[in-house]
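To start, the structure under review is shown below, and the notes come after it.
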Amino acid sequence: TPRGAGGGGKRRLGVMGGTFDPIHHGHLVAASEVAAAFHLDEVVFVPTGEPWQKSHRTVSPAEDRYLMTVIATAENPQFSVSRIDIDRGGPTYTVDTLRDLRALNPDTDLFFITGADALAQILTWRDTEELFSLAHFIGVTRPGHHLDDPGLPEGIVSLVEVPALAISSTDCRARVAKGDPIWYLVPDGVVRYITKRELYRGE
Ligand code: ATP
Ligand code: MG
């Protein structure tokens with residue numbers, strides 16, 4: 001079977017890392033838009049283990065974040081979910097995610113998808129040189145954040161404008177805590193899962 005847009009080339013795998021606490025339509029639209037624009041064969045969502053950026057708040061159990069991500073992506077044949085960061089244990093570093101995905105996916109080009117806010121921090125990440133050798137980075141627009149070219153050498157980062165969805169997991173959690181609805185901000189199955197597991201109630 002031909003792979004990628006032109007066929008015949010290497011398999012093209014998008015990587016969408018995130019805490020996904022909870023996953024919402026902003027994540028899904030970003031992945032879908034980048035998949036189309038970059039002719040990706042698949043996008044794998046990778047929920048973090050213990051996220052070191054968020055050590056100031058309690059993150060929901062990895063298993064809940066993993067299951068919500070599965071529920072949200074299950075119907076899309078181009079989307080999958082990986083447990084690598086959860087199963088590795090400890091804080092997640094993107095360089096480890098990409099190293100592991102590279103080892104698991106020979107003959108595959110990786111495209112790491114990241115929102116404007118995360119891209120802005122890119123240069124503060126660990127092992128940036130190795131990072132950029134492992135994957136092409138794609139920064140997507142996000143309301144409330146400027147999507148600037150971080151001034152990296154040509155070809156390392158691409159910037160993509162996606163339909164603006166002013167949704168964040170932080171806002172979803174705050175809404176649940178206040179008793180406000182999150183219908184249509186996250187997939188229906190995720191709303192029901194949050195209710196069933198009583199997530200975000202006491203925040
Ligand atoms: P939190 O508020 O807890 O930080 P979040 O909504 O930012 O949650 P994350 O899991 O932190 O979600 O984000 C994972 C990735 O998705 C990041 O690269 C982030 O920039 C991107 N992203 C999140 N929301 C959007 C959105 N509405 N539009 C585009 N990209 C997004
Ligand atoms: Mg975030």
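Following the order of the structure tokens, first chain is A, next is B, and so on, with residues numbered from 1 inside each chain and ligands from 1 in the order they appear.
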For ligand 2, return the neighbouring residues as an MDAnalysis selection string (distance at most 10 Å; only C-alpha atoms and all ligand atoms).
chainID A and resid 18:21 53:54 114:118 168:170
Using DSSP on the backbone coordinates, identify the residues of region 6-194 of chain A assigned to strand (DSSP E); present them as a ChimeraX atom specification.
/A:11-18,42-47,79-81,108-115,136-140,157-160
Please, which residues have at least one atom within 10 Å of an atom of ligand 1, using only C-alpha atoms and all ligand atoms, listed as a PDB file with N, CA and C atoms, in the first residue's frame?
```
ATOM      1  N   MET A  16       1.108  13.307  19.095  1.00  0.00           N
ATOM      2  CA  MET A  16       0.436  14.362  19.858  1.00  0.00           C
ATOM      3  C   MET A  16       0.614  14.043  21.339  1.00  0.00           C
ATOM      4  N   GLY A  17       1.567  14.706  21.956  1.00  0.00           N
ATOM      5  CA  GLY A  17       1.796  14.487  23.384  1.00  0.00           C
ATOM      6  C   GLY A  17       0.931  15.431  24.193  1.00  0.00           C
ATOM      7  N   GLY A  18       0.542  15.021  25.377  1.00  0.00           N
ATOM      8  CA  GLY A  18      -0.238  15.916  26.225  1.00  0.00           C
ATOM      9  C   GLY A  18      -0.601  15.257  27.538  1.00  0.00           C
ATOM     10  N   THR A  19      -1.062  16.073  28.459  1.00  0.00           N
ATOM     11  CA  THR A  19      -1.527  15.527  29.727  1.00  0.00           C
ATOM     12  C   THR A  19      -2.914  14.909  29.537  1.00  0.00           C
ATOM     13  N   PHE A  20      -3.702  15.549  28.664  1.00  0.00           N
ATOM     14  CA  PHE A  20      -5.049  15.068  28.333  1.00  0.00           C
ATOM     15  C   PHE A  20      -5.879  14.848  29.602  1.00  0.00           C
ATOM     16  N   ASP A  21      -5.985  15.910  30.371  1.00  0.00           N
ATOM     17  CA  ASP A  21      -6.645  15.848  31.683  1.00  0.00           C
ATOM     18  C   ASP A  21      -7.726  16.913  31.783  1.00  0.00           C
ATOM     19  N   PRO A  22      -8.825  16.825  30.969  1.00  0.00           N
ATOM     20  CA  PRO A  22      -9.144  15.780  30.000  1.00  0.00           C
ATOM     21  C   PRO A  22      -8.758  16.168  28.574  1.00  0.00           C
ATOM     22  N   ILE A  23      -8.783  15.173  27.668  1.00  0.00           N
ATOM     23  CA  ILE A  23      -8.656  15.457  26.229  1.00  0.00           C
ATOM     24  C   ILE A  23      -9.892  16.247  25.793  1.00  0.00           C
ATOM     25  N   HIS A  24      -9.709  17.205  24.880  1.00  0.00           N
ATOM     26  CA  HIS A  24     -10.835  18.051  24.429  1.00  0.00           C
ATOM     27  C   HIS A  24     -10.753  18.260  22.916  1.00  0.00           C
ATOM     28  N   HIS A  25     -11.742  18.962  22.371  1.00  0.00           N
ATOM     29  CA  HIS A  25     -11.811  19.100  20.913  1.00  0.00           C
ATOM     30  C   HIS A  25     -10.681  19.940  20.329  1.00  0.00           C
ATOM     31  N   GLY A  26     -10.036  20.783  21.151  1.00  0.00           N
ATOM     32  CA  GLY A  26      -8.867  21.518  20.659  1.00  0.00           C
ATOM     33  C   GLY A  26      -7.755  20.555  20.264  1.00  0.00           C
ATOM     34  N   HIS A  27      -7.514  19.536  21.088  1.00  0.00           N
ATOM     35  CA  HIS A  27      -6.496  18.528  20.776  1.00  0.00           C
ATOM     36  C   HIS A  27      -6.860  17.778  19.491  1.00  0.00           C
ATOM     37  N   LEU A  28      -8.140  17.417  19.386  1.00  0.00           N
ATOM     38  CA  LEU A  28      -8.573  16.562  18.272  1.00  0.00           C
ATOM     39  C   LEU A  28      -8.535  17.320  16.954  1.00  0.00           C
ATOM     40  N   VAL A  29      -8.948  18.587  16.994  1.00  0.00           N
ATOM     41  CA  VAL A  29      -8.900  19.393  15.764  1.00  0.00           C
ATOM     42  C   VAL A  29      -7.450  19.624  15.337  1.00  0.00           C
ATOM     43  N   ALA A  30      -6.580  19.902  16.295  1.00  0.00           N
ATOM     44  CA  ALA A  30      -5.163  20.116  15.958  1.00  0.00           C
ATOM     45  C   ALA A  30      -4.590  18.879  15.268  1.00  0.00           C
ATOM     46  N   ALA A  31      -4.865  17.709  15.833  1.00  0.00           N
ATOM     47  CA  ALA A  31      -4.333  16.467  15.254  1.00  0.00           C
ATOM     48  C   ALA A  31      -4.913  16.212  13.868  1.00  0.00           C
ATOM     49  N   PHE A  45      -1.665   9.557  19.921  1.00  0.00           N
ATOM     50  CA  PHE A  45      -1.788  10.411  21.101  1.00  0.00           C
ATOM     51  C   PHE A  45      -1.024   9.724  22.233  1.00  0.00           C
ATOM     52  N   VAL A  46      -0.200  10.507  22.932  1.00  0.00           N
ATOM     53  CA  VAL A  46       0.653   9.918  23.963  1.00  0.00           C
ATOM     54  C   VAL A  46       0.435  10.661  25.285  1.00  0.00           C
ATOM     55  N   PRO A  47      -0.448  10.129  26.134  1.00  0.00           N
ATOM     56  CA  PRO A  47      -0.644  10.784  27.443  1.00  0.00           C
ATOM     57  C   PRO A  47       0.632  10.686  28.280  1.00  0.00           C
ATOM     58  N   THR A  48       0.934  11.766  28.980  1.00  0.00           N
ATOM     59  CA  THR A  48       2.162  11.818  29.782  1.00  0.00           C
ATOM     60  C   THR A  48       2.067  10.922  31.014  1.00  0.00           C
ATOM     61  N   PRO A  51       3.612  14.518  34.788  1.00  0.00           N
ATOM     62  CA  PRO A  51       4.142  15.653  34.025  1.00  0.00           C
ATOM     63  C   PRO A  51       4.907  16.631  34.900  1.00  0.00           C
ATOM     64  N   GLN A  53       6.020  19.515  34.235  1.00  0.00           N
ATOM     65  CA  GLN A  53       5.616  20.917  34.105  1.00  0.00           C
ATOM     66  C   GLN A  53       4.463  21.241  35.038  1.00  0.00           C
ATOM     67  N   LYS A  54       3.749  20.200  35.490  1.00  0.00           N
ATOM     68  CA  LYS A  54       2.514  20.452  36.217  1.00  0.00           C
ATOM     69  C   LYS A  54       2.585  19.938  37.635  1.00  0.00           C
ATOM     70  N   ARG A  57       0.188  20.957  40.558  1.00  0.00           N
ATOM     71  CA  ARG A  57      -1.184  20.527  40.835  1.00  0.00           C
ATOM     72  C   ARG A  57      -1.276  19.010  40.696  1.00  0.00           C
ATOM     73  N   VAL A  59      -2.412  15.842  39.115  1.00  0.00           N
ATOM     74  CA  VAL A  59      -2.890  15.395  37.812  1.00  0.00           C
ATOM     75  C   VAL A  59      -3.708  14.129  38.036  1.00  0.00           C
ATOM     76  N   ARG A  65      -6.661   9.277  32.397  1.00  0.00           N
ATOM     77  CA  ARG A  65      -6.294  10.124  31.249  1.00  0.00           C
ATOM     78  C   ARG A  65      -6.113   9.262  30.001  1.00  0.00           C
ATOM     79  N   PHE A 112       6.086  15.763  15.427  1.00  0.00           N
ATOM     80  CA  PHE A 112       5.599  16.073  16.772  1.00  0.00           C
ATOM     81  C   PHE A 112       4.730  17.322  16.721  1.00  0.00           C
ATOM     82  N   ILE A 113       3.475  17.164  17.133  1.00  0.00           N
ATOM     83  CA  ILE A 113       2.485  18.241  17.039  1.00  0.00           C
ATOM     84  C   ILE A 113       2.373  18.933  18.398  1.00  0.00           C
ATOM     85  N   THR A 114       2.489  20.247  18.381  1.00  0.00           N
ATOM     86  CA  THR A 114       2.465  20.963  19.659  1.00  0.00           C
ATOM     87  C   THR A 114       1.760  22.317  19.499  1.00  0.00           C
ATOM     88  N   GLY A 115       0.998  22.699  20.522  1.00  0.00           N
ATOM     89  CA  GLY A 115       0.317  23.988  20.495  1.00  0.00           C
ATOM     90  C   GLY A 115       1.291  25.134  20.667  1.00  0.00           C
ATOM     91  N   ALA A 116       0.810  26.344  20.331  1.00  0.00           N
ATOM     92  CA  ALA A 116       1.663  27.533  20.368  1.00  0.00           C
ATOM     93  C   ALA A 116       2.289  27.740  21.738  1.00  0.00           C
ATOM     94  N   ASP A 117       1.544  27.442  22.799  1.00  0.00           N
ATOM     95  CA  ASP A 117       2.070  27.663  24.151  1.00  0.00           C
ATOM     96  C   ASP A 117       3.241  26.726  24.435  1.00  0.00           C
ATOM     97  N   ALA A 118       3.102  25.483  24.019  1.00  0.00           N
ATOM     98  CA  ALA A 118       4.168  24.508  24.260  1.00  0.00           C
ATOM     99  C   ALA A 118       5.365  24.778  23.355  1.00  0.00           C
ATOM    100  N   LEU A 119       5.086  25.238  22.142  1.00  0.00           N
ATOM    101  CA  LEU A 119       6.186  25.535  21.218  1.00  0.00           C
ATOM    102  C   LEU A 119       7.076  26.650  21.765  1.00  0.00           C
ATOM    103  N   ALA A 120       6.411  27.597  22.438  1.00  0.00           N
ATOM    104  CA  ALA A 120       7.170  28.723  22.995  1.00  0.00           C
ATOM    105  C   ALA A 120       8.206  28.252  24.003  1.00  0.00           C
ATOM    106  N   ILE A 138       5.819  20.518  14.596  1.00  0.00           N
ATOM    107  CA  ILE A 138       4.745  21.287  13.985  1.00  0.00           C
ATOM    108  C   ILE A 138       4.035  22.068  15.080  1.00  0.00           C
ATOM    109  N   GLY A 139       4.124  23.379  15.003  1.00  0.00           N
ATOM    110  CA  GLY A 139       3.442  24.244  15.967  1.00  0.00           C
ATOM    111  C   GLY A 139       2.093  24.654  15.413  1.00  0.00           C
ATOM    112  N   VAL A 140       1.031  24.482  16.201  1.00  0.00           N
ATOM    113  CA  VAL A 140      -0.305  24.879  15.755  1.00  0.00           C
ATOM    114  C   VAL A 140      -0.798  26.080  16.567  1.00  0.00           C
ATOM    115  N   THR A 141      -1.651  26.872  15.926  1.00  0.00           N
ATOM    116  CA  THR A 141      -2.187  28.061  16.579  1.00  0.00           C
ATOM    117  C   THR A 141      -3.098  27.656  17.739  1.00  0.00           C
ATOM    118  N   ARG A 142      -3.152  28.527  18.716  1.00  0.00           N
ATOM    119  CA  ARG A 142      -4.019  28.294  19.872  1.00  0.00           C
ATOM    120  C   ARG A 142      -4.467  29.658  20.394  1.00  0.00           C
ATOM    121  N   PRO A 143      -5.809  29.862  20.545  1.00  0.00           N
ATOM    122  CA  PRO A 143      -6.278  31.164  20.996  1.00  0.00           C
ATOM    123  C   PRO A 143      -5.597  31.579  22.308  1.00  0.00           C
ATOM    124  N   GLY A 144      -5.213  32.844  22.364  1.00  0.00           N
ATOM    125  CA  GLY A 144      -4.578  33.359  23.572  1.00  0.00           C
ATOM    126  C   GLY A 144      -3.065  33.228  23.581  1.00  0.00           C
ATOM    127  N   HIS A 145      -2.518  32.616  22.543  1.00  0.00           N
ATOM    128  CA  HIS A 145      -1.068  32.456  22.476  1.00  0.00           C
ATOM    129  C   HIS A 145      -0.580  32.892  21.100  1.00  0.00           C
ATOM    130  N   GLU A 161      -1.833  26.973  10.906  1.00  0.00           N
ATOM    131  CA  GLU A 161      -3.012  27.618  11.481  1.00  0.00           C
ATOM    132  C   GLU A 161      -4.169  26.621  11.494  1.00  0.00           C
ATOM    133  N   VAL A 162      -4.723  26.371  12.676  1.00  0.00           N
ATOM    134  CA  VAL A 162      -5.873  25.466  12.787  1.00  0.00           C
ATOM    135  C   VAL A 162      -7.077  26.272  13.261  1.00  0.00           C
ATOM    136  N   PRO A 163      -8.326  25.794  12.983  1.00  0.00           N
ATOM    137  CA  PRO A 163      -9.502  26.533  13.446  1.00  0.00           C
ATOM    138  C   PRO A 163      -9.404  26.789  14.948  1.00  0.00           C
ATOM    139  N   ALA A 164      -9.682  28.032  15.333  1.00  0.00           N
ATOM    140  CA  ALA A 164      -9.475  28.447  16.723  1.00  0.00           C
ATOM    141  C   ALA A 164     -10.526  27.850  17.643  1.00  0.00           C
ATOM    142  N   LEU A 165     -10.087  27.048  18.582  1.00  0.00           N
ATOM    143  CA  LEU A 165     -10.975  26.535  19.619  1.00  0.00           C
ATOM    144  C   LEU A 165     -10.398  26.976  20.958  1.00  0.00           C
ATOM    145  N   ALA A 166     -11.106  27.917  21.592  1.00  0.00           N
ATOM    146  CA  ALA A 166     -10.611  28.456  22.871  1.00  0.00           C
ATOM    147  C   ALA A 166     -11.015  27.510  24.001  1.00  0.00           C
ATOM    148  N   ILE A 167     -10.468  26.308  23.942  1.00  0.00           N
ATOM    149  CA  ILE A 167     -10.761  25.275  24.937  1.00  0.00           C
ATOM    150  C   ILE A 167      -9.447  24.877  25.575  1.00  0.00           C
ATOM    151  N   SER A 168      -9.434  24.742  26.896  1.00  0.00           N
ATOM    152  CA  SER A 168      -8.266  24.172  27.570  1.00  0.00           C
ATOM    153  C   SER A 168      -8.752  23.152  28.589  1.00  0.00           C
ATOM    154  N   SER A 169      -7.880  22.215  28.908  1.00  0.00           N
ATOM    155  CA  SER A 169      -8.226  21.232  29.945  1.00  0.00           C
ATOM    156  C   SER A 169      -8.453  21.933  31.279  1.00  0.00           C
ATOM    157  N   THR A 170      -7.635  22.967  31.539  1.00  0.00           N
ATOM    158  CA  THR A 170      -7.783  23.724  32.789  1.00  0.00           C
ATOM    159  C   THR A 170      -9.195  24.273  32.906  1.00  0.00           C
ATOM    160  N   ASP A 171      -9.700  24.855  31.808  1.00  0.00           N
ATOM    161  CA  ASP A 171     -11.050  25.421  31.824  1.00  0.00           C
ATOM    162  C   ASP A 171     -12.101  24.320  31.980  1.00  0.00           C
ATOM    163  N   CYS A 172     -11.888  23.187  31.324  1.00  0.00           N
ATOM    164  CA  CYS A 172     -12.840  22.074  31.472  1.00  0.00           C
ATOM    165  C   CYS A 172     -12.909  21.609  32.923  1.00  0.00           C
ATOM    166  N   ARG A 173     -11.740  21.488  33.561  1.00  0.00           N
ATOM    167  CA  ARG A 173     -11.727  21.049  34.962  1.00  0.00           C
ATOM    168  C   ARG A 173     -12.452  22.059  35.859  1.00  0.00           C
ATOM    169  N   ALA A 174     -12.200  23.349  35.606  1.00  0.00           N
ATOM    170  CA  ALA A 174     -12.837  24.401  36.406  1.00  0.00           C
ATOM    171  C   ALA A 174     -14.354  24.378  36.213  1.00  0.00           C
ATOM    172  N   LEU A 185     -17.474  20.644  24.400  1.00  0.00           N
ATOM    173  CA  LEU A 185     -16.064  21.041  24.520  1.00  0.00           C
ATOM    174  C   LEU A 185     -15.180  19.804  24.443  1.00  0.00           C
TER     175      LEU A 185
END
```
Distance criterion (only C-alpha atoms): nearest to Gln78 (chain A) out of A:Leu13, A:Gly155, A:Asp100, A:Asp64
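The answer is A:Leu13, which sits nearest to Gln78 (chain A).
Considering only C-alpha atoms, the residue among A:Asp87, A:Glu198, A:Asp188, A:Glu130 positioned nearest to Ala72 (chain A) is A:Asp188.
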As an NGL selection string, please: all residues of chain A that backbone DSSP puts in helix (DSSP H, G or I).
:A and (25-37 or 52-54 or 62-73 or 84-88 or 94-104 or 116-120 or 122-124 or 128-134 or 169-178 or 188-197)
Could those residues be written to a file, using C-alpha atoms, as a PDB file, in the first residue's frame?
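Output below, filename result.pdb:
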```pdb
ATOM      1  CA  HIS A  25     -11.811  19.100  20.913  1.00  0.00           C
ATOM      2  CA  GLY A  26      -8.867  21.518  20.659  1.00  0.00           C
ATOM      3  CA  HIS A  27      -6.496  18.528  20.776  1.00  0.00           C
ATOM      4  CA  LEU A  28      -8.573  16.562  18.272  1.00  0.00           C
ATOM      5  CA  VAL A  29      -8.900  19.393  15.764  1.00  0.00           C
ATOM      6  CA  ALA A  30      -5.163  20.116  15.958  1.00  0.00           C
ATOM      7  CA  ALA A  31      -4.333  16.467  15.254  1.00  0.00           C
ATOM      8  CA  SER A  32      -6.867  16.195  12.454  1.00  0.00           C
ATOM      9  CA  GLU A  33      -5.739  19.391  10.734  1.00  0.00           C
ATOM     10  CA  VAL A  34      -2.060  18.492  10.894  1.00  0.00           C
ATOM     11  CA  ALA A  35      -2.797  14.960   9.665  1.00  0.00           C
ATOM     12  CA  ALA A  36      -4.478  16.423   6.589  1.00  0.00           C
ATOM     13  CA  ALA A  37      -1.968  19.212   5.950  1.00  0.00           C
ATOM     14  CA  TRP A  52       7.025  17.627  35.467  1.00  0.00           C
ATOM     15  CA  GLN A  53       5.616  20.917  34.105  1.00  0.00           C
ATOM     16  CA  LYS A  54       2.514  20.452  36.217  1.00  0.00           C
ATOM     17  CA  ALA A  62      -2.728   8.096  34.299  1.00  0.00           C
ATOM     18  CA  GLU A  63      -5.249   5.320  33.730  1.00  0.00           C
ATOM     19  CA  ASP A  64      -8.146   7.812  33.642  1.00  0.00           C
ATOM     20  CA  ARG A  65      -6.294  10.124  31.249  1.00  0.00           C
ATOM     21  CA  TYR A  66      -5.374   7.154  29.075  1.00  0.00           C
ATOM     22  CA  LEU A  67      -8.961   5.846  28.926  1.00  0.00           C
ATOM     23  CA  MET A  68     -10.407   9.296  28.133  1.00  0.00           C
ATOM     24  CA  THR A  69      -7.905   9.572  25.288  1.00  0.00           C
ATOM     25  CA  VAL A  70      -8.934   6.149  23.989  1.00  0.00           C
ATOM     26  CA  ILE A  71     -12.631   7.039  24.218  1.00  0.00           C
ATOM     27  CA  ALA A  72     -12.064  10.317  22.336  1.00  0.00           C
ATOM     28  CA  THR A  73     -10.023   8.796  19.509  1.00  0.00           C
ATOM     29  CA  ILE A  84       4.718   4.406  26.401  1.00  0.00           C
ATOM     30  CA  ASP A  85       5.017   7.495  28.605  1.00  0.00           C
ATOM     31  CA  ILE A  86       2.618   6.117  31.221  1.00  0.00           C
ATOM     32  CA  ASP A  87       4.318   2.730  31.357  1.00  0.00           C
ATOM     33  CA  ARG A  88       7.853   4.192  31.485  1.00  0.00           C
ATOM     34  CA  THR A  94       9.571  14.477  25.025  1.00  0.00           C
ATOM     35  CA  VAL A  95      12.992  13.231  23.994  1.00  0.00           C
ATOM     36  CA  ASP A  96      12.229   9.874  25.657  1.00  0.00           C
ATOM     37  CA  THR A  97       8.834   9.712  23.952  1.00  0.00           C
ATOM     38  CA  LEU A  98      10.388  10.288  20.551  1.00  0.00           C
ATOM     39  CA  ARG A  99      13.310   7.901  21.142  1.00  0.00           C
ATOM     40  CA  ASP A 100      10.901   5.132  22.111  1.00  0.00           C
ATOM     41  CA  LEU A 101       8.521   5.802  19.233  1.00  0.00           C
ATOM     42  CA  ARG A 102      11.441   5.837  16.832  1.00  0.00           C
ATOM     43  CA  ALA A 103      12.602   2.427  18.090  1.00  0.00           C
ATOM     44  CA  LEU A 104       9.066   1.034  17.823  1.00  0.00           C
ATOM     45  CA  ALA A 116       1.663  27.533  20.368  1.00  0.00           C
ATOM     46  CA  ASP A 117       2.070  27.663  24.151  1.00  0.00           C
ATOM     47  CA  ALA A 118       4.168  24.508  24.260  1.00  0.00           C
ATOM     48  CA  LEU A 119       6.186  25.535  21.218  1.00  0.00           C
ATOM     49  CA  ALA A 120       7.170  28.723  22.995  1.00  0.00           C
ATOM     50  CA  ILE A 122      10.550  24.360  23.095  1.00  0.00           C
ATOM     51  CA  LEU A 123      13.966  25.853  23.561  1.00  0.00           C
ATOM     52  CA  THR A 124      13.778  25.318  27.288  1.00  0.00           C
ATOM     53  CA  THR A 128      16.851  19.987  21.991  1.00  0.00           C
ATOM     54  CA  GLU A 129      19.437  18.952  19.441  1.00  0.00           C
ATOM     55  CA  GLU A 130      18.503  15.310  19.744  1.00  0.00           C
ATOM     56  CA  LEU A 131      14.815  16.260  19.762  1.00  0.00           C
ATOM     57  CA  PHE A 132      15.061  17.962  16.423  1.00  0.00           C
ATOM     58  CA  SER A 133      16.950  15.019  14.954  1.00  0.00           C
ATOM     59  CA  LEU A 134      14.185  12.628  16.020  1.00  0.00           C
ATOM     60  CA  SER A 169      -8.226  21.232  29.945  1.00  0.00           C
ATOM     61  CA  THR A 170      -7.783  23.724  32.789  1.00  0.00           C
ATOM     62  CA  ASP A 171     -11.050  25.421  31.824  1.00  0.00           C
ATOM     63  CA  CYS A 172     -12.840  22.074  31.472  1.00  0.00           C
ATOM     64  CA  ARG A 173     -11.727  21.049  34.962  1.00  0.00           C
ATOM     65  CA  ALA A 174     -12.837  24.401  36.406  1.00  0.00           C
ATOM     66  CA  ARG A 175     -16.216  24.041  34.727  1.00  0.00           C
ATOM     67  CA  VAL A 176     -16.800  20.599  36.175  1.00  0.00           C
ATOM     68  CA  ALA A 177     -15.778  21.855  39.617  1.00  0.00           C
ATOM     69  CA  LYS A 178     -18.338  24.695  39.331  1.00  0.00           C
ATOM     70  CA  ASP A 188     -19.665  12.978  24.643  1.00  0.00           C
ATOM     71  CA  GLY A 189     -18.033   9.778  25.860  1.00  0.00           C
ATOM     72  CA  VAL A 190     -15.463  11.820  27.765  1.00  0.00           C
ATOM     73  CA  VAL A 191     -18.215  13.858  29.477  1.00  0.00           C
ATOM     74  CA  ARG A 192     -19.819  10.612  30.615  1.00  0.00           C
ATOM     75  CA  TYR A 193     -16.513   9.125  31.745  1.00  0.00           C
ATOM     76  CA  ILE A 194     -15.753  12.231  33.845  1.00  0.00           C
ATOM     77  CA  THR A 195     -19.183  11.934  35.486  1.00  0.00           C
ATOM     78  CA  LYS A 196     -18.799   8.208  36.088  1.00  0.00           C
ATOM     79  CA  ARG A 197     -15.364   8.575  37.676  1.00  0.00           C
TER      80      ARG A 197
END
```
Distance of CA of Arg201 (chain A) from CA of Pro187 (chain A), expressed in Å to one decimal place
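Taking CA of Pro187 (chain A) and CA of Arg201 (chain A), their separation equals 18.6 Å.
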In terms of the shortest atom-to-atom distance over only C-alpha atoms, which of A:Phe79, A:Ser60, A:Asp180, A:Asp149 is closest to Tyr200 (chain A)?
A:Ser60
